[in-house]
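Everything below belongs to data_37.pdb, which stores PDB, C-alpha atoms.
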ATOM      1  CA  MET A   1     127.743 -50.441 178.234
ATOM      2  CA  GLN A   2     124.564 -48.875 179.612
ATOM      3  CA  SER A   3     126.367 -45.552 180.097
ATOM      4  CA  LEU A   4     126.745 -45.179 176.316
ATOM      5  CA  ILE A   5     123.057 -45.579 175.485
ATOM      6  CA  GLY A   6     121.371 -42.351 174.419
ATOM      7  CA  THR A   7     122.983 -39.236 172.955
ATOM      8  CA  GLY A   8     126.692 -38.734 172.614
ATOM      9  CA  VAL A   9     127.962 -35.574 170.930
ATOM     10  CA  ALA A  10     130.905 -35.332 168.535
ATOM     11  CA  LEU A  11     132.610 -32.266 169.967
ATOM     12  CA  VAL A  12     134.034 -29.510 167.777
ATOM     13  CA  THR A  13     137.393 -27.860 168.432
ATOM     14  CA  PRO A  14     136.661 -24.123 168.694
ATOM     15  CA  PHE A  15     139.379 -21.795 167.442
ATOM     16  CA  LYS A  16     140.259 -18.199 168.190
ATOM     17  CA  LYS A  17     140.730 -15.676 165.363
ATOM     18  CA  ASP A  18     144.440 -16.594 165.262
ATOM     19  CA  PHE A  19     143.430 -20.271 164.717
ATOM     20  CA  SER A  20     144.688 -21.396 168.126
ATOM     21  CA  VAL A  21     142.507 -23.704 170.251
ATOM     22  CA  ASP A  22     139.950 -21.692 172.233
ATOM     23  CA  THR A  23     139.847 -23.525 175.559
ATOM     24  CA  ALA A  24     137.382 -21.075 177.136
ATOM     25  CA  ALA A  25     134.896 -21.646 174.299
ATOM     26  CA  LEU A  26     135.404 -25.402 174.521
ATOM     27  CA  THR A  27     134.567 -25.261 178.234
ATOM     28  CA  ARG A  28     131.383 -23.299 177.450
ATOM     29  CA  ILE A  29     130.380 -25.922 174.875
ATOM     30  CA  ILE A  30     130.964 -28.771 177.349
ATOM     31  CA  ASN A  31     128.703 -27.084 179.901
ATOM     32  CA  HIS A  32     126.115 -26.344 177.191
ATOM     33  CA  VAL A  33     125.793 -29.991 176.132
ATOM     34  CA  ILE A  34     125.952 -31.539 179.606
ATOM     35  CA  GLU A  35     123.395 -29.097 180.998
ATOM     36  CA  GLY A  36     121.309 -29.856 177.892
ATOM     37  CA  GLY A  37     121.074 -33.494 178.929
ATOM     38  CA  VAL A  38     123.408 -35.465 176.656
ATOM     39  CA  GLU A  39     124.579 -38.806 177.980
ATOM     40  CA  TYR A  40     128.238 -38.731 176.897
ATOM     41  CA  LEU A  41     130.993 -36.807 175.084
ATOM     42  CA  VAL A  42     133.004 -37.902 172.045
ATOM     43  CA  ILE A  43     136.430 -36.279 171.781
ATOM     44  CA  LEU A  44     138.702 -35.858 168.734
ATOM     45  CA  GLY A  45     136.416 -37.336 166.116
ATOM     46  CA  THR A  46     136.052 -35.991 162.569
ATOM     47  CA  THR A  47     133.906 -33.076 163.795
ATOM     48  CA  ALA A  48     136.835 -31.949 165.963
ATOM     49  CA  GLU A  49     138.878 -31.258 162.804
ATOM     50  CA  SER A  50     141.351 -33.704 164.318
ATOM     51  CA  ALA A  51     143.093 -34.095 160.942
ATOM     52  CA  THR A  52     144.335 -30.489 161.285
ATOM     53  CA  LEU A  53     145.353 -30.621 164.964
ATOM     54  CA  SER A  54     148.939 -31.132 166.079
ATOM     55  CA  ALA A  55     149.768 -33.700 168.756
ATOM     56  CA  ALA A  56     150.217 -30.869 171.273
ATOM     57  CA  GLU A  57     146.850 -29.355 170.353
ATOM     58  CA  LYS A  58     145.140 -32.721 170.760
ATOM     59  CA  GLU A  59     146.536 -32.910 174.293
ATOM     60  CA  ILE A  60     145.184 -29.413 175.020
ATOM     61  CA  VAL A  61     141.745 -30.465 173.762
ATOM     62  CA  ILE A  62     141.729 -33.643 175.850
ATOM     63  CA  GLN A  63     142.901 -31.911 179.031
ATOM     64  CA  THR A  64     140.403 -29.070 178.594
ATOM     65  CA  ILE A  65     137.453 -31.445 178.134
ATOM     66  CA  VAL A  66     138.449 -33.723 181.019
ATOM     67  CA  ALA A  67     138.754 -30.678 183.302
ATOM     68  CA  ALA A  68     135.470 -29.108 182.136
ATOM     69  CA  ASN A  69     133.522 -32.368 182.362
ATOM     70  CA  LYS A  70     134.535 -32.911 186.018
ATOM     71  CA  GLY A  71     133.431 -36.530 185.799
ATOM     72  CA  ARG A  72     129.817 -35.616 185.080
ATOM     73  CA  VAL A  73     129.324 -37.827 182.002
ATOM     74  CA  PRO A  74     131.309 -40.634 180.320
ATOM     75  CA  MET A  75     133.828 -39.712 177.627
ATOM     76  CA  VAL A  76     134.797 -41.542 174.432
ATOM     77  CA  LEU A  77     138.097 -40.750 172.673
ATOM     78  CA  GLY A  78     138.643 -40.955 168.933
ATOM     79  CA  VAL A  79     141.663 -43.177 168.231
ATOM     80  CA  GLY A  80     141.712 -44.352 164.644
ATOM     81  CA  GLY A  81     143.490 -44.096 161.335
ATOM     82  CA  ASN A  82     144.631 -45.868 158.211
ATOM     83  CA  ASN A  83     148.028 -46.908 159.588
ATOM     84  CA  THR A  84     147.265 -49.900 161.808
ATOM     85  CA  ALA A  85     150.684 -49.901 163.490
ATOM     86  CA  LYS A  86     150.333 -46.217 164.422
ATOM     87  CA  VAL A  87     146.869 -46.768 165.941
ATOM     88  CA  VAL A  88     148.182 -49.740 167.931
ATOM     89  CA  GLU A  89     151.132 -47.672 169.173
ATOM     90  CA  GLU A  90     148.835 -44.867 170.362
ATOM     91  CA  LEU A  91     146.630 -47.342 172.209
ATOM     92  CA  LYS A  92     149.647 -48.827 173.954
ATOM     93  CA  THR A  93     151.214 -45.499 174.983
ATOM     94  CA  ARG A  94     148.321 -43.113 175.714
ATOM     95  CA  ASP A  95     146.712 -42.865 179.156
ATOM     96  CA  LEU A  96     143.169 -44.043 178.427
ATOM     97  CA  SER A  97     142.040 -44.200 182.055
ATOM     98  CA  PRO A  98     139.687 -41.162 181.818
ATOM     99  CA  PHE A  99     137.680 -42.738 179.006
ATOM    100  CA  ALA A 100     134.810 -45.224 178.878
ATOM    101  CA  ALA A 101     135.726 -46.350 175.356
ATOM    102  CA  ILE A 102     137.542 -45.413 172.168
ATOM    103  CA  LEU A 103     135.861 -44.648 168.841
ATOM    104  CA  SER A 104     137.920 -46.073 165.988
ATOM    105  CA  VAL A 105     137.182 -45.298 162.356
ATOM    106  CA  SER A 106     137.455 -47.902 159.630
ATOM    107  CA  PRO A 107     140.691 -47.278 157.671
ATOM    108  CA  TYR A 108     140.267 -44.557 155.052
ATOM    109  CA  TYR A 109     142.021 -43.910 151.727
ATOM    110  CA  ASN A 110     143.733 -47.343 151.606
ATOM    111  CA  LYS A 111     140.353 -48.975 150.758
ATOM    112  CA  PRO A 112     141.047 -52.350 152.433
ATOM    113  CA  THR A 113     139.015 -55.478 151.727
ATOM    114  CA  GLN A 114     136.580 -56.748 154.355
ATOM    115  CA  GLU A 115     139.305 -59.127 155.530
ATOM    116  CA  GLY A 116     141.720 -56.192 155.783
ATOM    117  CA  ILE A 117     139.182 -54.260 157.878
ATOM    118  CA  TYR A 118     138.747 -57.319 160.109
ATOM    119  CA  GLN A 119     142.499 -57.750 160.593
ATOM    120  CA  HIS A 120     142.926 -54.013 161.343
ATOM    121  CA  PHE A 121     140.340 -54.122 164.119
ATOM    122  CA  LYS A 122     141.701 -57.433 165.396
ATOM    123  CA  ALA A 123     145.011 -55.646 165.991
ATOM    124  CA  VAL A 124     143.208 -52.646 167.546
ATOM    125  CA  SER A 125     141.224 -54.946 169.846
ATOM    126  CA  GLU A 126     144.319 -56.775 171.018
ATOM    127  CA  ALA A 127     146.075 -53.472 171.791
ATOM    128  CA  SER A 128     143.240 -51.592 173.501
ATOM    129  CA  PRO A 129     142.920 -51.704 177.294
ATOM    130  CA  ILE A 130     139.381 -50.247 177.118
ATOM    131  CA  PRO A 131     136.218 -51.000 175.086
ATOM    132  CA  ILE A 132     136.072 -50.131 171.387
ATOM    133  CA  ILE A 133     133.266 -48.632 169.297
ATOM    134  CA  LEU A 134     133.799 -49.214 165.583
ATOM    135  CA  TYR A 135     133.020 -46.337 163.214
ATOM    136  CA  ASN A 136     131.685 -46.968 159.719
ATOM    137  CA  VAL A 137     131.464 -43.827 157.567
ATOM    138  CA  PRO A 138     131.810 -44.801 153.891
ATOM    139  CA  GLY A 139     131.306 -41.209 152.719
ATOM    140  CA  ARG A 140     134.684 -40.361 154.282
ATOM    141  CA  THR A 141     136.575 -43.682 154.157
ATOM    142  CA  SER A 142     135.576 -44.794 150.609
ATOM    143  CA  SER A 143     134.856 -48.297 151.880
ATOM    144  CA  ASN A 144     131.816 -49.771 153.597
ATOM    145  CA  MET A 145     132.319 -52.024 156.612
ATOM    146  CA  LEU A 146     129.645 -54.604 155.893
ATOM    147  CA  PRO A 147     127.340 -56.006 158.581
ATOM    148  CA  ALA A 148     128.900 -59.462 158.261
ATOM    149  CA  THR A 149     132.335 -58.011 159.090
ATOM    150  CA  VAL A 150     130.959 -56.010 162.029
ATOM    151  CA  ILE A 151     129.147 -59.032 163.479
ATOM    152  CA  ARG A 152     132.241 -61.202 163.027
ATOM    153  CA  LEU A 153     134.291 -58.653 164.984
ATOM    154  CA  ALA A 154     131.578 -58.325 167.647
ATOM    155  CA  ASN A 155     131.497 -62.081 168.162
ATOM    156  CA  ASP A 156     135.279 -62.595 168.108
ATOM    157  CA  PHE A 157     136.405 -59.720 170.373
ATOM    158  CA  LYS A 158     134.562 -58.989 173.602
ATOM    159  CA  ASN A 159     136.044 -55.497 173.945
ATOM    160  CA  ILE A 160     134.433 -54.452 170.641
ATOM    161  CA  ILE A 161     131.157 -53.281 172.166
ATOM    162  CA  GLY A 162     129.415 -51.300 169.441
ATOM    163  CA  ILE A 163     129.463 -49.473 166.148
ATOM    164  CA  LYS A 164     128.776 -45.904 165.105
ATOM    165  CA  GLU A 165     126.966 -46.674 161.865
ATOM    166  CA  ALA A 166     127.070 -43.723 159.471
ATOM    167  CA  ALA A 167     126.479 -45.278 156.067
ATOM    168  CA  GLY A 168     123.164 -43.424 155.837
ATOM    169  CA  ASP A 169     121.500 -46.750 155.014
ATOM    170  CA  ILE A 170     118.602 -47.690 157.285
ATOM    171  CA  VAL A 171     118.417 -51.193 155.752
ATOM    172  CA  GLN A 172     122.073 -51.835 156.585
ATOM    173  CA  ALA A 173     121.487 -50.495 160.111
ATOM    174  CA  MET A 174     118.507 -52.825 160.548
ATOM    175  CA  LYS A 175     120.605 -55.813 159.417
ATOM    176  CA  LEU A 176     123.144 -54.937 162.118
ATOM    177  CA  ILE A 177     120.410 -54.653 164.745
ATOM    178  CA  GLN A 178     118.857 -57.941 163.604
ATOM    179  CA  THR A 179     122.085 -59.978 163.698
ATOM    180  CA  LYS A 180     124.146 -58.361 166.485
ATOM    181  CA  PRO A 181     125.075 -60.244 169.658
ATOM    182  CA  GLU A 182     123.170 -59.323 172.810
ATOM    183  CA  GLY A 183     124.420 -56.099 174.372
ATOM    184  CA  PHE A 184     126.238 -54.864 171.246
ATOM    185  CA  LEU A 185     125.449 -51.182 170.618
ATOM    186  CA  VAL A 186     124.291 -50.049 167.174
ATOM    187  CA  ILE A 187     124.706 -46.271 167.360
ATOM    188  CA  SER A 188     123.490 -43.893 164.674
ATOM    189  CA  GLY A 189     126.114 -41.715 163.041
ATOM    190  CA  ASP A 190     123.525 -39.883 160.935
ATOM    191  CA  ASP A 191     121.404 -37.328 162.763
ATOM    192  CA  MET A 192     118.540 -37.475 160.266
ATOM    193  CA  ILE A 193     117.918 -41.220 160.622
ATOM    194  CA  THR A 194     118.685 -41.444 164.333
ATOM    195  CA  LEU A 195     115.060 -41.798 165.397
ATOM    196  CA  PRO A 196     114.176 -44.554 162.886
ATOM    197  CA  MET A 197     117.322 -46.435 163.942
ATOM    198  CA  VAL A 198     116.482 -46.098 167.642
ATOM    199  CA  LEU A 199     112.896 -47.241 167.069
ATOM    200  CA  ALA A 200     114.241 -50.240 165.121
ATOM    201  CA  GLY A 201     116.328 -51.269 168.127
ATOM    202  CA  GLY A 202     119.397 -49.024 167.972
ATOM    203  CA  SER A 203     121.135 -47.724 171.078
ATOM    204  CA  GLY A 204     121.206 -43.989 170.367
ATOM    205  CA  VAL A 205     123.448 -41.617 168.453
ATOM    206  CA  ILE A 206     126.793 -39.883 168.262
ATOM    207  CA  SER A 207     125.454 -36.572 167.050
ATOM    208  CA  VAL A 208     126.482 -33.234 165.606
ATOM    209  CA  ILE A 209     123.131 -31.421 165.807
ATOM    210  CA  GLY A 210     122.801 -32.656 169.391
ATOM    211  CA  GLU A 211     125.738 -30.418 170.221
ATOM    212  CA  GLY A 212     123.867 -27.320 169.050
ATOM    213  CA  PHE A 213     120.447 -28.216 170.447
ATOM    214  CA  PRO A 214     121.207 -30.798 173.139
ATOM    215  CA  LYS A 215     118.002 -30.465 175.128
ATOM    216  CA  ALA A 216     115.606 -31.162 172.264
ATOM    217  CA  PHE A 217     117.727 -33.752 170.471
ATOM    218  CA  SER A 218     118.680 -35.817 173.523
ATOM    219  CA  GLU A 219     115.040 -35.764 174.652
ATOM    220  CA  MET A 220     113.996 -37.021 171.202
ATOM    221  CA  VAL A 221     116.406 -39.945 171.558
ATOM    222  CA  ARG A 222     115.178 -40.788 175.070
ATOM    223  CA  LEU A 223     111.567 -40.715 173.859
ATOM    224  CA  GLY A 224     112.543 -43.017 171.007
ATOM    225  CA  LEU A 225     114.303 -45.452 173.343
ATOM    226  CA  ASN A 226     111.117 -45.506 175.434
ATOM    227  CA  LYS A 227     109.042 -46.111 172.267
ATOM    228  CA  LYS A 228     107.104 -42.854 172.688
ATOM    229  CA  VAL A 229     106.884 -42.554 168.936
ATOM    230  CA  ASP A 230     104.578 -39.579 168.387
ATOM    231  CA  GLU A 231     106.326 -37.365 170.924
ATOM    232  CA  ALA A 232     109.728 -38.328 169.532
ATOM    233  CA  TYR A 233     108.742 -37.577 165.936
ATOM    234  CA  GLU A 234     107.355 -34.208 166.973
ATOM    235  CA  LEU A 235     110.849 -33.234 168.115
ATOM    236  CA  HIS A 236     112.460 -34.861 165.073
ATOM    237  CA  TYR A 237     110.448 -32.752 162.650
ATOM    238  CA  LYS A 238     111.045 -29.657 164.747
ATOM    239  CA  LEU A 239     114.811 -30.113 164.280
ATOM    240  CA  ALA A 240     114.911 -31.703 160.796
ATOM    241  CA  ASP A 241     115.553 -28.491 158.841
ATOM    242  CA  SER A 242     118.494 -27.622 161.079
ATOM    243  CA  ILE A 243     120.052 -31.048 160.457
ATOM    244  CA  ASP A 244     119.945 -30.481 156.709
ATOM    245  CA  MET A 245     121.359 -26.983 157.111
ATOM    246  CA  ILE A 246     124.354 -27.813 159.315
ATOM    247  CA  PHE A 247     125.619 -30.375 156.790
ATOM    248  CA  GLU A 248     124.714 -28.378 153.679
ATOM    249  CA  GLN A 249     128.146 -26.750 153.361
ATOM    250  CA  GLY A 250     130.224 -29.233 155.312
ATOM    251  CA  ASN A 251     130.880 -30.361 158.854
ATOM    252  CA  PRO A 252     131.825 -28.729 161.230
ATOM    253  CA  ALA A 253     131.382 -25.389 159.416
ATOM    254  CA  GLY A 254     127.605 -25.623 159.898
ATOM    255  CA  ILE A 255     127.578 -26.454 163.584
ATOM    256  CA  LYS A 256     130.274 -23.845 164.278
ATOM    257  CA  GLU A 257     127.987 -21.243 162.690
ATOM    258  CA  VAL A 258     125.254 -22.376 165.104
ATOM    259  CA  PHE A 259     127.663 -21.913 168.019
ATOM    260  CA  LYS A 260     128.511 -18.418 166.794
ATOM    261  CA  HIS A 261     124.827 -17.460 166.781
ATOM    262  CA  LEU A 262     124.371 -19.043 170.222
ATOM    263  CA  GLY A 263     127.294 -16.984 171.538
ATOM    264  CA  LEU A 264     129.345 -20.026 172.523
ATOM    265  CA  SER A 265     132.326 -19.762 170.164
ATOM    266  CA  GLU A 266     133.695 -18.228 166.978
ATOM    267  CA  ASN A 267     132.752 -19.851 163.662
ATOM    268  CA  ILE A 268     136.379 -20.357 162.615
ATOM    269  CA  VAL A 269     137.441 -23.514 160.781
ATOM    270  CA  ARG A 270     140.881 -24.466 159.480
ATOM    271  CA  LEU A 271     141.695 -24.931 155.818
ATOM    272  CA  PRO A 272     140.859 -26.817 153.705
ATOM    273  CA  LEU A 273     137.471 -26.140 155.333
ATOM    274  CA  VAL A 274     135.872 -22.716 154.945
ATOM    275  CA  ASN A 275     132.993 -20.900 156.632
ATOM    276  CA  VAL A 276     129.404 -21.261 155.467
ATOM    277  CA  ASP A 277     128.150 -18.468 153.226
ATOM    278  CA  GLU A 278     126.032 -15.528 154.352
ATOM    279  CA  ASN A 279     122.790 -17.047 153.064
ATOM    280  CA  LEU A 280     123.170 -20.189 155.180
ATOM    281  CA  SER A 281     124.316 -18.157 158.180
ATOM    282  CA  VAL A 282     121.115 -16.091 158.033
ATOM    283  CA  ARG A 283     118.941 -19.199 157.679
ATOM    284  CA  LEU A 284     120.597 -20.864 160.667
ATOM    285  CA  ASN A 285     120.160 -17.717 162.746
ATOM    286  CA  ASN A 286     116.473 -17.551 161.804
ATOM    287  CA  PHE A 287     116.017 -21.210 162.762
ATOM    288  CA  ILE A 288     117.568 -20.565 166.181
ATOM    289  CA  LYS A 289     115.367 -17.521 166.762
ATOM    290  CA  ASN A 290     112.218 -19.466 165.850
ATOM    291  CA  LEU A 291     113.043 -22.609 167.828
ATOM    292  CA  ALA A 292     110.540 -22.590 170.662
TER     293      ALA A 292
END

Represent the structure contained in this file as structure tokens.
Amino acid sequence: MQSLIGTGVALVTPFKKDFSVDTAALTRIINHVIEGGVEYLVILGTTAESATLSAAEKEIVIQTIVAANKGRVPMVLGVGGNNTAKVVEELKTRDLSPFAAILSVSPYYNKPTQEGIYQHFKAVSEASPIPIILYNVPGRTSSNMLPATVIRLANDFKNIIGIKEAAGDIVQAMKLIQTKPEGFLVISGDDMITLPMVLAGGSGVISVIGEGFPKAFSEMVRLGLNKKVDEAYELHYKLADSIDMIFEQGNPAGIKEVFKHLGLSENIVRLPLVNVDENLSVRLNNFIKNLA
């Protein structure tokens, strides 16, 4: 999937002061990231606070993004969960025609074995009419999808085309890159180690910081893909402090604070998440002002 090489962004769901979905702000964010040069959009992932959205609100988010995108870049839809039958049902009943692929998280909370993870994604693969990107994020799921399981899935199911690897483990990422079948995408899910992963042979990133600073971050990834190491690392170090800051007090509270300072949306998150504190807000604002 050449169209999914480079920078994808995990879109937030902006809210108004009454906590309703702010479709005007979401449209501004879509234009901000596309005009900034990102390669694709990722809809209703963790960063979208999808766990707190109703089914009706999810439809509003999808329709708003599809309309704002106007076919400019590919879109990936988050369809995952820890109830395999429910995920399969959604894949069979939802209109997936606007999307290039789905992003499906490894089952959380249940803590399945590696065989359980394999069987879950076997069922997802058999139900999905479009390509699938696996999502490994042990910090949220409490289980690590091991490289051997990922490679087994990649070899057994042709519509499983990649993985968003967010274990924060560069050695594990390199093992995936070393042993993957040809054409399988190993996508960084950690902004801070995106460049090392790309230089090691990864396919790009599904990013949070790339949503705030799309021009610089997506250019860093393109430079990395073209093995322009020094130029890429110059941009990496320029952005590194902001990556630490946006995750310091939780995601997406950090990136929503960036959007507030950029004038794109309010900084409102839904409970159990809360806003970043004043100290971090000031530091983020200072970073934005000093970013040349």

Of the listed residues A:Gln178, A:Ser281, A:Asn110, A:Thr64, that which approaches A:Arg140 most closely, counting all atoms listed in the file:
A:Asn110

Using all atoms listed in the file, can you list as JSON, numbers by chain the residues within 10 Å of (141.3, -52.6, 156.4)?
{"A": [82, 83, 84, 106, 107, 108, 109, 110, 111, 112, 113, 114, 115, 116, 117, 118, 119, 120, 121, 143, 145]}

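For the set A:Pro272, A:Gly8, A:Gly254, A:Gly36, the residue with the smallest atom-to-atom gap to A:Ala51 is A:Pro272, counting all atoms listed in the file.
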
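Using all atoms listed in the file, the nearest neighbour of A:Lys122 within the list A:Ile102, A:Val38, A:Leu77, A:Ile160 is A:Ile160.
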
Would you give the centre and edge lengths, in Å to one decimal, of a box along x, y and z around the listed atoms of stretch 31-43 of chain A, with 5 Å added to each side, as JSON?
{"center_x": 128.8, "center_y": -32.6, "center_z": 176.4, "size_x": 25.4, "size_y": 22.5, "size_z": 19.2}

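Nearest-residue note for A:Val269: choosing from A:Ala232, A:Val282, A:Ala55, A:Ile255, the minimum distance belongs to A:Ile255, counting all atoms listed in the file.
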
Which residue gives the smallest distance to A:Val221 among A:Glu278, A:Glu39, A:Glu126, A:Glu266, with all atoms listed in the file counted?
A:Glu39

Find the spatial neighbours of stretch 56-58 of chain A, counting only C-alpha atoms, within a cut-off of 9 Å - ignore same-chain residues fewer than 5 positions away - and output them as a compact mmCIF listing (two decimals) with C-alpha atoms, in the frame of the given file.
# COMPACT_ATOMS: atom_id res chain seq x y z
CA SER A 20 144.69 -21.40 168.13
CA VAL A 21 142.51 -23.70 170.25
CA LEU A 44 138.70 -35.86 168.73
CA SER A 50 141.35 -33.70 164.32
CA GLN A 63 142.90 -31.91 179.03

Expand the PyMOL selection byres ((chain A and resi 26) around 12) into the individual residues it matches in the shown file, reporting them as a PyMOL selection string.
chain A and resi 11-16+20-25+27-33+43+48+60-69+211+256+259+264-266

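Minimum atom-to-atom distance to A:Thr141, evaluated using all atoms listed in the file, belongs to A:Gly81 out of A:Gly45, A:Asp241, A:Gly81, A:Leu4.
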